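Accompanying notes for the structure given below.
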Amino acid sequence: MVKVAIVYHSGFGHTERLAQFVAKGVSDAGAVSSLHNTDDLQRPDAGPWEILASADAIVFGSATYMGAASASFKGFADASSKVYKEHGWKDKLAAGFTNSGTPSGDKAATLNQFIVLACQHGMNWVSPAFKPGYSLTSHDYDTAINRTGHYTGVGTQSFTDHGPEDSPNSAELETGRLLGVRVAEATQRWNGA
Ligand SMILES: Cc1cc2nc3c(=O)[nH]c(=O)nc-3n(C[C@H](O)[C@H](O)[C@H](O)COP(=O)(O)O)c2cc1C
């Protein structure tokens, strides 16, 4: 079975819950998932780097803070420069997700940050390939897949007065799960598995 590692940071748990649904999608598609907090990957000589080295795909995730990935995620990205120098992640597949407090929140900047990181490593970016449709109505805003309209990765919204148990909402968690399915299936195809 192909292996998909999910590397994420979440200060208050909302993005972590989304990460868990991405992992569920990976498992649902018959691949092996693992979840890794970037707090444990701040130095190149400490943390589960070997698991990332053996993964066939790595999914990047972070809460959007100040229109960017969090400081912890950036610490991980900087620590990955050792792998970069060895071209260690070349040809792995990559994808990304983020969550923030407002419908836009400059989440696209965070997703673009993930794409640049993946491309610096020579990885292949996998888009979520959500079904086309810009036709949100007032009736389906709470139930739509990809209601925030991101196509480079998954971007969800959570309320600051709600805990991770009910925000992001179930449709957005399903959006994250579908990203996991998509990455697992793309990795299986890429690896001839
Ligand atoms: C330091 C900080 C910066 C933030 N910046 C943004 C932002 O740029 N855009 C936005 O929509 N929300 C922003 N928020 C709100 C968070 O994205 C939101 O609370 C989110 O649910 C946090 O995810 P987490 O629980 O995984 O940490 C910010 C929150 C903090 C604490």
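Letters A, B, ... go to the chains of the structure tokens in the order shown; residues in each chain start at 1; ligands are counted from 1 in the same order.
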Exercise for review: Could the residues that lie within 8 Å of ligand 1, counting only C-alpha atoms and all ligand atoms, be listed as an MDAnalysis selection string?
Suggested key: chainID A and resid 9:17 62:68 70 99:107 157:160 164
Exercise for review: From segment 28-167 of chain A, collect each residue whose DSSP state is alpha helix (DSSP H) and return the set as a ChimeraX atom specification.
Suggested key: /A:28,49-54,71-79,81-85,107-120
Practice item. Using only C-alpha atoms, pick whichever of A:Asp91, A:Asp142, A:Gly149, A:Asp45 has the shortest atom-to-atom distance to Ser167 of chain A. Key: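 So, comparing all the options, the nearest one is A:Asp142.
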Check your understanding: Looking at only C-alpha atoms, which of A:His150, A:His139, A:Arg189, A:Lys90 is the one that sits closest to Met123 of chain A?
Key ->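 The closest residue to Met123 of chain A is A:Lys90.
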Exercise for review: Determine the nearest neighbour of Gly155 of chain A from the options A:Met1, A:Ala95, A:Val7, A:Val32, counting only C-alpha atoms.
Suggested key: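 Closest residue, counting only C-alpha atoms: A:Ala95.
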**Study point:** Residue nearest Lys82 of chain A among A:Pro48, A:His121, A:Leu173, A:Ala57 (counting only C-alpha atoms)
**Key:**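 The answer is A:His121, which sits nearest to Lys82 of chain A.
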Review point. Pick from A:Ala129, A:Ile115, A:Val183, A:Ala109: nearest to Ala69 of chain A, with only C-alpha atoms counted?
Key: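 Smallest distance to Ala69 of chain A is found for A:Ala109.
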Check your understanding: Quick one: of A:Phe73, A:Tyr8, A:Phe60, A:Phe97, who's nearest to Gly176 of chain A, counting only C-alpha atoms?
Key ->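 Ranking A:Phe73, A:Tyr8, A:Phe60, A:Phe97 by distance to Gly176 of chain A, first place goes to A:Phe97.
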Check your understanding: Excluding same-chain residues fewer than 2 positions from Ala184 of chain A, what lies within 7 Å of it counting only C-alpha atoms, as a list of chain:residue names?
Key -> A:Val4, A:Val26, A:Ala29, A:Ala31, A:Gly180, A:Val181, A:Arg182, A:Ala186, A:Thr187, A:Gln188
Save the residues we just selected, C-alpha atoms, as a PDB file, in the first residue's frame?
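Final file, selection-v6.pdb:
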ATOM      1  CA  VAL A   4       0.725   9.324   2.624  1.00  0.00           C
ATOM      2  CA  VAL A  26      -6.371   8.464   2.570  1.00  0.00           C
ATOM      3  CA  ALA A  29      -8.934   4.964  -0.535  1.00  0.00           C
ATOM      4  CA  ALA A  31      -3.587   3.809   1.461  1.00  0.00           C
ATOM      5  CA  GLY A 180      -7.239  12.619   1.128  1.00  0.00           C
ATOM      6  CA  VAL A 181      -9.011  10.264  -1.300  1.00  0.00           C
ATOM      7  CA  ARG A 182      -7.699  12.226  -4.268  1.00  0.00           C
ATOM      8  CA  ALA A 186      -3.146   9.863  -7.455  1.00  0.00           C
ATOM      9  CA  THR A 187      -0.267   8.316  -5.501  1.00  0.00           C
ATOM     10  CA  GLN A 188      -1.455   4.804  -6.338  1.00  0.00           C
TER      11      GLN A 188
END
Practice item. For Ile6 of chain A, list every protein, DNA or RNA residue within 7 Å, evaluated using only C-alpha atoms, and leave out those in the same chain fewer than 3 positions away; present the list as a list of chain:residue names. Key: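 My list of contacting residues is A:Ser34, A:Leu35, A:His36, A:Ile58, A:Val59, A:Phe60.
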Residues of the last selection are to be written out with all heavy atoms, as a CSV table (one decimal), in the first residue's frame.
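So part-v1.csv came out as:
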chain,number,residue,atom,x,y,z
A,34,SER,N,-0.4,8.8,7.9
A,34,SER,CA,0.2,9.1,9.2
A,34,SER,C,0.1,10.6,9.4
A,34,SER,O,0.2,11.4,8.4
A,34,SER,CB,1.6,8.6,9.3
A,34,SER,OG,2.4,9.2,8.2
A,35,LEU,N,-0.1,11.0,10.6
A,35,LEU,CA,-0.2,12.4,11.0
A,35,LEU,C,1.0,12.9,11.8
A,35,LEU,O,1.3,12.3,12.7
A,35,LEU,CB,-1.5,12.6,11.8
A,35,LEU,CG,-2.8,12.6,11.0
A,35,LEU,CD1,-4.0,12.3,12.0
A,35,LEU,CD2,-3.1,13.9,10.3
A,36,HIS,N,1.5,14.1,11.4
A,36,HIS,CA,2.7,14.6,12.1
A,36,HIS,C,2.6,16.1,12.3
A,36,HIS,O,2.3,16.9,11.4
A,36,HIS,CB,4.0,14.3,11.3
A,36,HIS,CG,4.0,12.9,10.8
A,36,HIS,ND1,4.5,11.9,11.6
A,36,HIS,CD2,3.7,12.3,9.6
A,36,HIS,CE1,4.4,10.7,10.9
A,36,HIS,NE2,3.9,11.0,9.7
A,58,ILE,N,3.3,13.6,0.5
A,58,ILE,CA,3.3,14.4,1.8
A,58,ILE,C,2.2,15.5,1.6
A,58,ILE,O,2.3,16.2,0.6
A,58,ILE,CB,4.6,15.0,2.1
A,58,ILE,CG1,5.7,13.9,2.3
A,58,ILE,CG2,4.5,15.8,3.4
A,58,ILE,CD1,7.1,14.5,2.5
A,59,VAL,N,1.3,15.6,2.5
A,59,VAL,CA,0.3,16.6,2.4
A,59,VAL,C,0.6,17.7,3.5
A,59,VAL,O,0.8,17.3,4.6
A,59,VAL,CB,-1.2,16.0,2.7
A,59,VAL,CG1,-2.2,17.1,2.5
A,59,VAL,CG2,-1.5,14.9,1.7
A,60,PHE,N,0.7,18.9,3.0
A,60,PHE,CA,1.0,20.0,3.9
A,60,PHE,C,-0.2,20.7,4.4
A,60,PHE,O,-1.1,21.0,3.6
A,60,PHE,CB,1.9,21.1,3.2
A,60,PHE,CG,3.2,20.5,2.7
A,60,PHE,CD1,3.5,20.7,1.3
A,60,PHE,CD2,4.1,19.8,3.5
A,60,PHE,CE1,4.7,20.2,0.8
A,60,PHE,CE2,5.3,19.3,3.0
A,60,PHE,CZ,5.6,19.5,1.6
Practice item. Work out how far apart atom CA of Asp140 of chain A and atom CA of Leu179 of chain A are and give it in Å to one decimal. Key: 20.2 Å
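The gap separating atom CA of Thr143 of chain A from atom CA of Thr110 of chain A is 24.0 Å, in Å to one decimal.
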